[in-house]
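Reading through the structure tokens given below for one structure.
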Amino acid sequence: MDIVTLECPNCGGKVVREKNEYFATCPYCGVEVCFDEIKGEAAKGQIDELKDSVERYRQQEEFVDAGRRNLKRWNMWRSIFYAGITFLVFLGFMFVGAATDPDPAHDTLVGIGSVIMIVAIMIFFSGPVYLGLSYPDYDIVYGKRGVTDKIMMRLKLAAICLGCAVLGAFAAYIVLRFFGRA
Ligand SMILES: [Zn+2]
């Protein structure tokens, strides 16, 4: 909405604006007039630009916040997964291990223990895959991760997962060995 002509405030004559000029001299009375509103328009454009960059910055911040939240949630699920595997393997071994005597009443225990172990094995194999796939693509700590990083992360997940299973089994063994059978 560029103003191209103005009424001279002194004589009322028509003052034509030169391109990109904010001031002009009235051709009738010689008074200098100012295209204030044009300046206003220009300033408004700058303010809009500023608003745009603020908005872009805000979106970027939101993006970073969302990444941070995703990573936090992912870390929480990973911890739950590790704890779950450890506990399930422990429980499975406890049930199976507690029934080493040739007692028919212990068949139920072995059955329960076996089911728990099957669930544990299923989680054991699916967990690292799922966690690997659901890892937030945007990582605020390490930046965007490459393929090698992702493979390493999955291997690490699988290794820790195996460690958790061994820990669960070992804990069950310790409990049974020292507190279980009389
Ligand atoms: Zn004039």
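Ligands are numbered from 1 in the order shown, residues from 1 within each chain, and chains are lettered A, B, ... in the order they appear in the structure tokens.
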
Taking only C-alpha atoms and all ligand atoms into account, which residues are within 7 Å of ligand 1, as a list of chain:residue names?
-> A:Cys8, A:Pro9, A:Asn10, A:Cys11, A:Gly12, A:Gly13, A:Cys26, A:Pro27, A:Tyr28, A:Cys29, A:Gly30, A:Val31

Would you kindly return, as a VMD selection string, each protein, DNA or RNA residue with an atom no farther than 6 Å from any atom of Thr5 (chain A), considering only C-alpha atoms and excluding same-chain residues fewer than 6 positions away?
-> chain A and resid 15 to 17

Mind dumping the selected residues with N, CA and C atoms as a PDB file, in the first residue's frame?
ATOM      1  N   VAL A  15       1.906  16.369  -4.330  1.00  0.00           N
ATOM      2  CA  VAL A  15       3.347  16.079  -4.324  1.00  0.00           C
ATOM      3  C   VAL A  15       3.525  14.604  -4.711  1.00  0.00           C
ATOM      4  N   VAL A  16       4.325  14.384  -5.741  1.00  0.00           N
ATOM      5  CA  VAL A  16       4.554  13.001  -6.204  1.00  0.00           C
ATOM      6  C   VAL A  16       5.802  12.444  -5.527  1.00  0.00           C
ATOM      7  N   ARG A  17       5.681  11.237  -5.123  1.00  0.00           N
ATOM      8  CA  ARG A  17       6.811  10.615  -4.424  1.00  0.00           C
ATOM      9  C   ARG A  17       7.755   9.956  -5.424  1.00  0.00           C
TER      10      ARG A  17
END

Determine, counting only C-alpha atoms, which protein, DNA and RNA residues have an atom within 10 Å of an atom of region 160-165 of chain A; residues of the same chain fewer than 6 positions away are not included. Present the result as a list in words.
-> Arg78, Phe81, Tyr82, Ala83, Gly84, Ile85, Thr86, Phe87, Leu88, Val89, Phe90, Ala120, Ile121, Ile123, Phe124, Phe125, Gly127, Pro128, Arg154 and Ala171 of chain A

Could the residues in this selection be saved with N, CA and C atoms as a PDB file, in the first residue's frame?
ATOM      1  N   ARG A  78      13.454 -47.417  28.079  1.00  0.00           N
ATOM      2  CA  ARG A  78      14.640 -48.259  28.075  1.00  0.00           C
ATOM      3  C   ARG A  78      14.896 -48.798  29.488  1.00  0.00           C
ATOM      4  N   PHE A  81      12.436 -51.379  30.325  1.00  0.00           N
ATOM      5  CA  PHE A  81      12.782 -52.598  29.584  1.00  0.00           C
ATOM      6  C   PHE A  81      13.887 -53.382  30.303  1.00  0.00           C
ATOM      7  N   TYR A  82      14.937 -52.700  30.686  1.00  0.00           N
ATOM      8  CA  TYR A  82      16.038 -53.358  31.399  1.00  0.00           C
ATOM      9  C   TYR A  82      15.548 -53.984  32.711  1.00  0.00           C
ATOM     10  N   ALA A  83      14.806 -53.191  33.473  1.00  0.00           N
ATOM     11  CA  ALA A  83      14.296 -53.670  34.759  1.00  0.00           C
ATOM     12  C   ALA A  83      13.358 -54.853  34.543  1.00  0.00           C
ATOM     13  N   GLY A  84      12.513 -54.738  33.506  1.00  0.00           N
ATOM     14  CA  GLY A  84      11.535 -55.794  33.207  1.00  0.00           C
ATOM     15  C   GLY A  84      12.215 -57.109  32.872  1.00  0.00           C
ATOM     16  N   ILE A  85      13.223 -57.049  32.006  1.00  0.00           N
ATOM     17  CA  ILE A  85      13.962 -58.264  31.610  1.00  0.00           C
ATOM     18  C   ILE A  85      14.624 -58.899  32.836  1.00  0.00           C
ATOM     19  N   THR A  86      15.271 -58.064  33.633  1.00  0.00           N
ATOM     20  CA  THR A  86      15.955 -58.566  34.830  1.00  0.00           C
ATOM     21  C   THR A  86      14.959 -59.277  35.747  1.00  0.00           C
ATOM     22  N   PHE A  87      13.820 -58.616  35.967  1.00  0.00           N
ATOM     23  CA  PHE A  87      12.825 -59.160  36.891  1.00  0.00           C
ATOM     24  C   PHE A  87      12.190 -60.434  36.341  1.00  0.00           C
ATOM     25  N   LEU A  88      11.848 -60.428  35.052  1.00  0.00           N
ATOM     26  CA  LEU A  88      11.192 -61.601  34.462  1.00  0.00           C
ATOM     27  C   LEU A  88      12.103 -62.821  34.480  1.00  0.00           C
ATOM     28  N   VAL A  89      13.355 -62.630  34.122  1.00  0.00           N
ATOM     29  CA  VAL A  89      14.300 -63.752  34.117  1.00  0.00           C
ATOM     30  C   VAL A  89      14.484 -64.275  35.549  1.00  0.00           C
ATOM     31  N   PHE A  90      14.602 -63.328  36.476  1.00  0.00           N
ATOM     32  CA  PHE A  90      14.721 -63.694  37.892  1.00  0.00           C
ATOM     33  C   PHE A  90      13.525 -64.540  38.317  1.00  0.00           C
ATOM     34  N   ALA A 120       9.805 -63.567  28.745  1.00  0.00           N
ATOM     35  CA  ALA A 120      11.101 -62.880  28.888  1.00  0.00           C
ATOM     36  C   ALA A 120      11.916 -62.975  27.603  1.00  0.00           C
ATOM     37  N   ILE A 121      11.902 -64.171  26.988  1.00  0.00           N
ATOM     38  CA  ILE A 121      12.670 -64.364  25.744  1.00  0.00           C
ATOM     39  C   ILE A 121      12.100 -63.487  24.619  1.00  0.00           C
ATOM     40  N   ILE A 123      10.419 -60.662  24.932  1.00  0.00           N
ATOM     41  CA  ILE A 123      10.795 -59.269  25.201  1.00  0.00           C
ATOM     42  C   ILE A 123      12.287 -59.072  24.939  1.00  0.00           C
ATOM     43  N   PHE A 124      13.053 -60.082  25.302  1.00  0.00           N
ATOM     44  CA  PHE A 124      14.507 -60.031  25.137  1.00  0.00           C
ATOM     45  C   PHE A 124      14.896 -59.751  23.680  1.00  0.00           C
ATOM     46  N   PHE A 125      14.162 -60.382  22.757  1.00  0.00           N
ATOM     47  CA  PHE A 125      14.502 -60.197  21.358  1.00  0.00           C
ATOM     48  C   PHE A 125      13.817 -58.989  20.727  1.00  0.00           C
ATOM     49  N   GLY A 127      12.611 -56.237  22.389  1.00  0.00           N
ATOM     50  CA  GLY A 127      12.915 -54.969  23.065  1.00  0.00           C
ATOM     51  C   GLY A 127      13.967 -54.116  22.374  1.00  0.00           C
ATOM     52  N   PRO A 128      15.171 -54.658  22.163  1.00  0.00           N
ATOM     53  CA  PRO A 128      16.211 -53.837  21.522  1.00  0.00           C
ATOM     54  C   PRO A 128      15.811 -53.373  20.123  1.00  0.00           C
ATOM     55  N   ARG A 154      22.055 -50.048  18.997  1.00  0.00           N
ATOM     56  CA  ARG A 154      21.270 -51.279  19.101  1.00  0.00           C
ATOM     57  C   ARG A 154      22.101 -52.426  19.664  1.00  0.00           C
ATOM     58  N   ALA A 171      20.794 -63.641  40.152  1.00  0.00           N
ATOM     59  CA  ALA A 171      20.088 -63.266  41.386  1.00  0.00           C
ATOM     60  C   ALA A 171      19.196 -64.413  41.847  1.00  0.00           C
TER      61      ALA A 171
END

Return as a VMD selection string the full set of residues in chain A whose backbone-based DSSP assignment is strand (DSSP E).
-> chain A and resid 5 to 7 14 to 16 23 to 25 32 to 34

For CA of Phe170 (chain A) and CA of Leu91 (chain A), determine how far apart the two atoms are, in Å to one decimal place.
-> 11.2 Å

Please return as a ChimeraX atom specification: the residues of region 14-145 of chain A that backbone DSSP assigns to alpha helix (DSSP H).
-> /A:36-97,107-133
